[in-house]
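Peer 1: Structure incoming, see below.
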Amino acid sequence: MPDDTGRFRRLWADEKAAAHLYRGLAALSDGDDRALFDELAATEERHAEHWAQLLHDAGVEPGRARLPLRTVVLLWLARRLGVARVLPAVIRAERSDRDRYRGVPQAPPAMAEDEAAHSRRLALAIAPTVAAGLAMAEGRHRAGAGGSLRAAVFGANDGLVSNFALIMGVAGGAQDASTVVLAGVAGLVAGAASMAAGEWISVRSQRELYEREIEIERLELEQFPDDEQRELELIYRSKGVDADTAAAMAAGIMKNPAAALDALVREELGLDPNDLGSPWVAAISSFVSFATGAAVPLVPFLLSSGTAALVIAAVLSGTALAAVGAAISVLTGRSAVGSAVRMVAIGGGAAAVTFAVGSLVGVTLG
């Protein structure tokens with residue numbers, strides 16, 4: 001029974017945290033989105049009551065639920081960036097949790113079905129098409145709305161790890177603080193510029209591909225309107241609309257060429273023609289996020305020198321690596337502590353290797 005009560009308490013806390021997250025997202029939303037989040041929160045609260053009752057039957061009170069870091073960070077980001085920016089991370093978290101009741105005999109079958117349906121309902125609510133929503137719910141492609149958030153986190157991580165390792169390597173082989181600062185500034189600017197250029201080319205190429213696909217769809221609409229109308233009918237029928245209604249809907253949309261193109265692009269190509277991605281926004285975001293991470297190990301050498309600067313840079317970078325690891329856990333749905341420890345180990349290991357190499361090279365050249 002102690003093992004069971006421990007499991008019940010964890011499941012109760014998880015459900016309470018999920019309900020708190022959905023209530024928070026509902027407070028930041030309106031209309032259908034608010035209703036959806038409130039409904040999901042109510043479902044999580046019913047699940048929490050089930051585990052609380054089992055604890056009570058075992059003579060144990062659940063106590064007060066402590067919110068996990070992932071929930072706190074998601075709500076903080078939702079308040080500042082908007083709910084749409086964090087929904088892909090919420091979907092991934094739901095997807096990773098959907099099998100948590102497998103092998104738990106005290107969990108009613110309906111509860112496991114509810115959990116499995118949450119990521120699907122959220123994905124269908126934000127995806128441009130049903131097919132895209134199902135693919136997002138099953139994890140077959142990256143959720144587009146969360147791309148900028150993911151890019152910012154990983155951009156900061158790249159800047160932090162690469163410049164931390166570079167600065168430690170130079171500091172290991174050079175006694176002059178100005179040399180370390182020069183290397184750190186050069187690493188920051190060069191890395192951020194490289195990231196920005198790469199992101200600009202990537203997003204621009206992707207946008208040109210999407211624009212080409214939309215242009216092909218426009219030409220097909222002009223040259224083969226009857227075929228395109230039948231495609232719309234089939235799309236609506238695949239969603240459960242009866243044949244006569246689907247035909248009427250398709251015929252009505254085809255009367256407006258702009259509306260017809262928009263519908264075909266969304267339904268057939270799975271694209272939002274109003275949100276194909278901005279290469280300039282992507283480039284600037286990448287530059288800023290990389291530079292922000294790269295500045296962390298550099299700042300101590302701007303204010304101090306010698307061993308003091310080295311120790312402060314290591315401490316600040318270790319703290320920042322832990323924070324980045326925790327932020328990555330929000331995107332992946334994994335343990336915040338585990339992700340933080342892994343990031344500190346990877347970044348610290350890279351810095352230790354370059355410091356050792358720098359020390360050896362410095363002695364040899366000296």
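In the structure tokens, each chain is lettered A, B, ... as it comes, each chain's residues begin at 1, and ligands are numbered from 1 in order of appearance.
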Write out as a list in words the residues lying within 12 Å of A:Ala323, counting only C-alpha atoms and excluding same-chain residues fewer than 4 positions away.
Peer 2: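 Contacts, with the query itself left out: Leu69, Arg70, Val73, Val153, Phe154, Ala156, Asn157, Leu160, Gly293, Leu316, Ser317, Gly318, Thr319, Ala327, Ile328, Ser329, Val330, Ala336, Val337, Gly338, Ser339, Ala340, Val341, Arg342, Met343 and Val344 of chain A.
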Peer 1: State, in Å with one decimal place, the distance from atom CA of A:Glu44 to atom CA of A:Ala19.
Peer 2: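 Atom-to-atom, atom CA of A:Glu44 to atom CA of A:Ala19, that is 5.2 Å.
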Peer 1: Compile the contact shell of stretch 247-252 of chain A as a ChimeraX atom specification: residues with an atom at most 7 Å away, counting only C-alpha atoms, same-chain residues fewer than 5 positions apart removed.
Peer 2: /A:229,232-233
Peer 1: Give me the residues near A:Asp176 as JSON, numbers by chain, where near means some atom within 9 Å (using only C-alpha atoms) and where sequence neighbours in that chain fewer than 3 positions away do not count.
Peer 2: {"A": [171, 179, 180, 305, 306]}
Peer 1: In terms of the shortest atom-to-atom distance over only C-alpha atoms, which of A:Ser29, A:Pro68, A:Ile214, A:Glu61 is closest to A:Gly6?
Peer 2: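 That would be A:Glu61, the residue with the smallest distance to A:Gly6.
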Peer 1: To one decimal in Å, tell me the separation between atom CA of A:Ala117 and atom CA of A:Ala78.
Peer 2: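 So the two atoms, atom CA of A:Ala117 and atom CA of A:Ala78, lie 22.2 Å apart.
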Peer 1: Can you work out which one of A:Gln53, A:Ser359, A:Ser335, A:Ser286 has the shortest atom-to-atom distance to A:Val189, counting only C-alpha atoms?
Peer 2: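 When distances to A:Val189 are compared using only C-alpha atoms, the smallest one comes from A:Ser286.
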Peer 1: Give me, please, the distance in Å between atom CA of A:Pro279 and atom CA of A:Ala152, quoted to one decimal.
Peer 2: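 About the pair atom CA of A:Pro279 and atom CA of A:Ala152: they are 14.4 Å apart.
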Peer 1: Can you pull out the residues contacting A:Ala294? Cut-off 7 Å, using only C-alpha atoms, and skip same-chain residues under 4 positions away; I want them as a list in words.
Peer 2: Gly159, Leu160, Asn163, Leu188 and Phe290 of chain A
Peer 1: Atoms to include: C-alpha atoms. Write the selected residues as a PDB file, in the first residue's frame.
Peer 2:
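Okay, this is what ended up in again26.pdb:
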ATOM      1  CA  GLY A 159      25.479  30.636 -27.989  1.00  0.00           C
ATOM      2  CA  LEU A 160      26.022  29.737 -24.358  1.00  0.00           C
ATOM      3  CA  ASN A 163      31.131  30.757 -26.348  1.00  0.00           C
ATOM      4  CA  LEU A 188      29.633  36.140 -30.009  1.00  0.00           C
ATOM      5  CA  PHE A 290      22.525  33.347 -29.735  1.00  0.00           C
TER       6      PHE A 290
END
Peer 1: Write out as a PyMOL selection string each polymer residue whose atoms come within 9 Å of A:Met168, counting only C-alpha atoms; drop sequence neighbours fewer than 2 positions from it.
Peer 2: chain A and resi 163-166+170-173+180+297+310+313-314+351-356+358
Peer 1: Would you output that residue set with N, CA and C atoms, as a JSON list (two decimals), in the first residue's frame?
Peer 2:
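Saved the output as part.json:
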[["chain", "number", "residue", "atom", "x", "y", "z"],
["A", 163, "ASN", "N", 30.27, 29.67, -26.83],
["A", 163, "ASN", "CA", 31.13, 30.76, -26.35],
["A", 163, "ASN", "C", 31.73, 30.43, -24.98],
["A", 164, "PHE", "N", 31.01, 29.69, -24.17],
["A", 164, "PHE", "CA", 31.57, 29.25, -22.89],
["A", 164, "PHE", "C", 32.80, 28.38, -23.13],
["A", 165, "ALA", "N", 32.67, 27.44, -24.07],
["A", 165, "ALA", "CA", 33.81, 26.57, -24.38],
["A", 165, "ALA", "C", 34.96, 27.37, -24.99],
["A", 166, "LEU", "N", 34.63, 28.30, -25.89],
["A", 166, "LEU", "CA", 35.67, 29.11, -26.52],
["A", 166, "LEU", "C", 36.42, 29.96, -25.50],
["A", 170, "VAL", "N", 40.40, 29.73, -24.43],
["A", 170, "VAL", "CA", 41.34, 30.84, -24.53],
["A", 170, "VAL", "C", 41.89, 31.21, -23.16],
["A", 171, "ALA", "N", 41.01, 31.20, -22.15],
["A", 171, "ALA", "CA", 41.45, 31.53, -20.79],
["A", 171, "ALA", "C", 42.45, 30.52, -20.27],
["A", 172, "GLY", "N", 42.34, 29.27, -20.70],
["A", 172, "GLY", "CA", 43.29, 28.25, -20.27],
["A", 172, "GLY", "C", 44.68, 28.46, -20.83],
["A", 173, "GLY", "N", 44.77, 29.13, -21.99],
["A", 173, "GLY", "CA", 46.07, 29.29, -22.61],
["A", 173, "GLY", "C", 46.60, 30.71, -22.61],
["A", 180, "VAL", "N", 41.15, 37.22, -23.85],
["A", 180, "VAL", "CA", 39.93, 36.44, -23.60],
["A", 180, "VAL", "C", 38.71, 37.23, -24.05],
["A", 297, "PRO", "N", 29.01, 33.96, -20.47],
["A", 297, "PRO", "CA", 30.38, 33.71, -20.00],
["A", 297, "PRO", "C", 31.34, 34.87, -20.28],
["A", 310, "LEU", "N", 37.27, 33.89, -14.11],
["A", 310, "LEU", "CA", 37.11, 32.51, -14.57],
["A", 310, "LEU", "C", 36.06, 31.78, -13.74],
["A", 313, "ALA", "N", 32.55, 33.27, -14.35],
["A", 313, "ALA", "CA", 32.04, 32.85, -15.66],
["A", 313, "ALA", "C", 31.55, 31.41, -15.61],
["A", 314, "ALA", "N", 32.29, 30.55, -14.91],
["A", 314, "ALA", "CA", 31.89, 29.15, -14.79],
["A", 314, "ALA", "C", 30.58, 29.01, -14.03],
["A", 351, "ALA", "N", 33.47, 22.77, -21.93],
["A", 351, "ALA", "CA", 34.34, 23.83, -21.43],
["A", 351, "ALA", "C", 35.61, 23.26, -20.78],
["A", 352, "ALA", "N", 35.45, 22.17, -20.05],
["A", 352, "ALA", "CA", 36.61, 21.54, -19.39],
["A", 352, "ALA", "C", 37.62, 21.03, -20.42],
["A", 353, "VAL", "N", 37.11, 20.42, -21.50],
["A", 353, "VAL", "CA", 38.00, 19.91, -22.55],
["A", 353, "VAL", "C", 38.75, 21.05, -23.21],
["A", 354, "THR", "N", 38.04, 22.12, -23.59],
["A", 354, "THR", "CA", 38.71, 23.23, -24.27],
["A", 354, "THR", "C", 39.67, 23.96, -23.33],
["A", 355, "PHE", "N", 39.33, 24.03, -22.04],
["A", 355, "PHE", "CA", 40.25, 24.66, -21.08],
["A", 355, "PHE", "C", 41.55, 23.85, -20.99],
["A", 356, "ALA", "N", 41.42, 22.52, -20.94],
["A", 356, "ALA", "CA", 42.59, 21.66, -20.87],
["A", 356, "ALA", "C", 43.45, 21.78, -22.13],
["A", 358, "GLY", "N", 43.45, 24.36, -24.18],
["A", 358, "GLY", "CA", 44.03, 25.69, -24.18],
["A", 358, "GLY", "C", 45.23, 25.78, -23.26]]
Peer 1: Would you pick out the contacts of A:Ala52 at 12 Å or less, using only C-alpha atoms, so that residues sharing its chain but fewer than 2 positions from it are not included, and give the list as a JSON list (two decimals) with N, CA and C atoms, in the first residue's frame?
Peer 2:
[["chain", "number", "residue", "atom", "x", "y", "z"],
["A", 5, "THR", "N", 0.04, 4.35, -2.50],
["A", 5, "THR", "CA", -0.28, 5.72, -2.08],
["A", 5, "THR", "C", 0.71, 6.72, -2.68],
["A", 6, "GLY", "N", 1.95, 6.32, -2.80],
["A", 6, "GLY", "CA", 2.93, 7.20, -3.44],
["A", 6, "GLY", "C", 2.58, 7.45, -4.89],
["A", 7, "ARG", "N", 2.16, 6.39, -5.57],
["A", 7, "ARG", "CA", 1.76, 6.54, -6.97],
["A", 7, "ARG", "C", 0.50, 7.38, -7.08],
["A", 8, "PHE", "N", -0.47, 7.13, -6.18],
["A", 8, "PHE", "CA", -1.71, 7.91, -6.22],
["A", 8, "PHE", "C", -1.41, 9.40, -5.99],
["A", 9, "ARG", "N", -0.51, 9.69, -5.08],
["A", 9, "ARG", "CA", -0.18, 11.09, -4.79],
["A", 9, "ARG", "C", 0.46, 11.77, -6.01],
["A", 10, "ARG", "N", 1.36, 11.04, -6.69],
["A", 10, "ARG", "CA", 2.01, 11.61, -7.87],
["A", 10, "ARG", "C", 0.99, 11.86, -8.98],
["A", 11, "LEU", "N", 0.10, 10.89, -9.19],
["A", 11, "LEU", "CA", -0.91, 11.07, -10.23],
["A", 11, "LEU", "C", -1.87, 12.20, -9.88],
["A", 12, "TRP", "N", -2.23, 12.30, -8.60],
["A", 12, "TRP", "CA", -3.09, 13.40, -8.16],
["A", 12, "TRP", "C", -2.41, 14.75, -8.41],
["A", 13, "ALA", "N", -1.13, 14.84, -8.06],
["A", 13, "ALA", "CA", -0.40, 16.10, -8.26],
["A", 13, "ALA", "C", -0.29, 16.44, -9.74],
["A", 14, "ASP", "N", -0.06, 15.43, -10.58],
["A", 14, "ASP", "CA", 0.02, 15.67, -12.02],
["A", 14, "ASP", "C", -1.29, 16.22, -12.57],
["A", 15, "GLU", "N", -2.40, 15.62, -12.13],
["A", 15, "GLU", "CA", -3.71, 16.06, -12.61],
["A", 15, "GLU", "C", -4.04, 17.47, -12.11],
["A", 16, "LYS", "N", -3.67, 17.77, -10.87],
["A", 16, "LYS", "CA", -3.90, 19.12, -10.34],
["A", 16, "LYS", "C", -3.08, 20.15, -11.12],
["A", 45, "GLU", "N", -9.57, 17.92, -13.34],
["A", 45, "GLU", "CA", -10.02, 18.04, -11.95],
["A", 45, "GLU", "C", -10.80, 16.80, -11.52],
["A", 46, "ARG", "N", -11.58, 16.24, -12.43],
["A", 46, "ARG", "CA", -12.30, 15.00, -12.11],
["A", 46, "ARG", "C", -11.30, 13.86, -11.89],
["A", 47, "HIS", "N", -10.27, 13.83, -12.71],
["A", 47, "HIS", "CA", -9.25, 12.80, -12.53],
["A", 47, "HIS", "C", -8.55, 12.97, -11.18],
["A", 48, "ALA", "N", -8.25, 14.22, -10.84],
["A", 48, "ALA", "CA", -7.58, 14.47, -9.56],
["A", 48, "ALA", "C", -8.46, 14.02, -8.39],
["A", 49, "GLU", "N", -9.77, 14.25, -8.50],
["A", 49, "GLU", "CA", -10.68, 13.82, -7.44],
["A", 49, "GLU", "C", -10.67, 12.31, -7.28],
["A", 50, "HIS", "N", -10.53, 11.59, -8.38],
["A", 50, "HIS", "CA", -10.47, 10.13, -8.32],
["A", 50, "HIS", "C", -9.28, 9.67, -7.48],
["A", 54, "LEU", "N", -9.01, 7.84, -3.62],
["A", 54, "LEU", "CA", -8.25, 6.63, -3.31],
["A", 54, "LEU", "C", -7.28, 6.88, -2.16],
["A", 55, "LEU", "N", -6.65, 8.05, -2.14],
["A", 55, "LEU", "CA", -5.77, 8.40, -1.02],
["A", 55, "LEU", "C", -6.55, 8.48, 0.28],
["A", 56, "HIS", "N", -7.72, 9.11, 0.21],
["A", 56, "HIS", "CA", -8.56, 9.24, 1.41],
["A", 56, "HIS", "C", -8.98, 7.86, 1.92],
["A", 57, "ASP", "N", -9.34, 6.96, 1.00],
["A", 57, "ASP", "CA", -9.73, 5.60, 1.39],
["A", 57, "ASP", "C", -8.57, 4.86, 2.07],
["A", 58, "ALA", "N", -7.34, 5.23, 1.67],
["A", 58, "ALA", "CA", -6.16, 4.59, 2.27],
["A", 58, "ALA", "C", -5.72, 5.29, 3.55],
["A", 59, "GLY", "N", -6.50, 6.30, 3.98],
["A", 59, "GLY", "CA", -6.17, 7.02, 5.20],
["A", 59, "GLY", "C", -5.08, 8.07, 5.02],
["A", 60, "VAL", "N", -4.90, 8.53, 3.79],
["A", 60, "VAL", "CA", -3.86, 9.52, 3.51],
["A", 60, "VAL", "C", -4.51, 10.74, 2.86],
["A", 61, "GLU", "N", -4.15, 11.92, 3.35],
["A", 61, "GLU", "CA", -4.63, 13.15, 2.73],
["A", 61, "GLU", "C", -3.60, 13.63, 1.70],
["A", 62, "PRO", "N", -4.07, 14.04, 0.52],
["A", 62, "PRO", "CA", -3.11, 14.44, -0.52],
["A", 62, "PRO", "C", -2.29, 15.67, -0.17],
["A", 63, "GLY", "N", -2.82, 16.52, 0.68],
["A", 63, "GLY", "CA", -2.08, 17.73, 1.05],
["A", 63, "GLY", "C", -2.18, 18.80, -0.02],
["A", 64, "ARG", "N", -1.14, 19.58, -0.17],
["A", 64, "ARG", "CA", -1.14, 20.68, -1.12],
["A", 64, "ARG", "C", -0.25, 20.33, -2.30],
["A", 65, "ALA", "N", -0.78, 20.52, -3.52],
["A", 65, "ALA", "CA", -0.01, 20.19, -4.71],
["A", 65, "ALA", "C", 0.99, 21.31, -5.02]]
Peer 1: Looking at A:Ala42, A:Ala186, A:Val265, A:Ala246, which one is nearest to A:Arg230, with distances taken over only C-alpha atoms?
Peer 2: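 Residue with the minimum atom-to-atom distance to A:Arg230: A:Ala246.
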Peer 1: Let's see if you can do this: from backbone DSSP, list all alpha helix (DSSP H) residues in stretch 17-234 of chain A, as number ranges by chain.
Peer 2: A: 17-27, 31-57, 69-81, 83-97, 109-126, 130-137, 147-173, 177-223, 225-234
Peer 1: Restricting the calculation to only C-alpha atoms, which member of A:Ala295, A:Ala18, A:Ala345, A:Val281 is positioned closest to A:Ser162?
Peer 2: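 Using only C-alpha atoms, the shortest distance to A:Ser162 belongs to A:Ala295.
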Peer 1: So which one's closest to A:Ile253, A:Glu213, A:Glu228, A:Glu113, A:Glu199? Using only C-alpha atoms, please.
Peer 2: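 Checking each of A:Glu213, A:Glu228, A:Glu113, A:Glu199 against A:Ile253, counting only C-alpha atoms, the winner is A:Glu228.
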Peer 1: Point out the residue among A:Gly31, A:Gly270, A:Gly325, A:Gly277 with the least atom-to-atom distance to A:Val203, counting only C-alpha atoms.
Peer 2: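 Closest to A:Val203, using only C-alpha atoms: A:Gly277.
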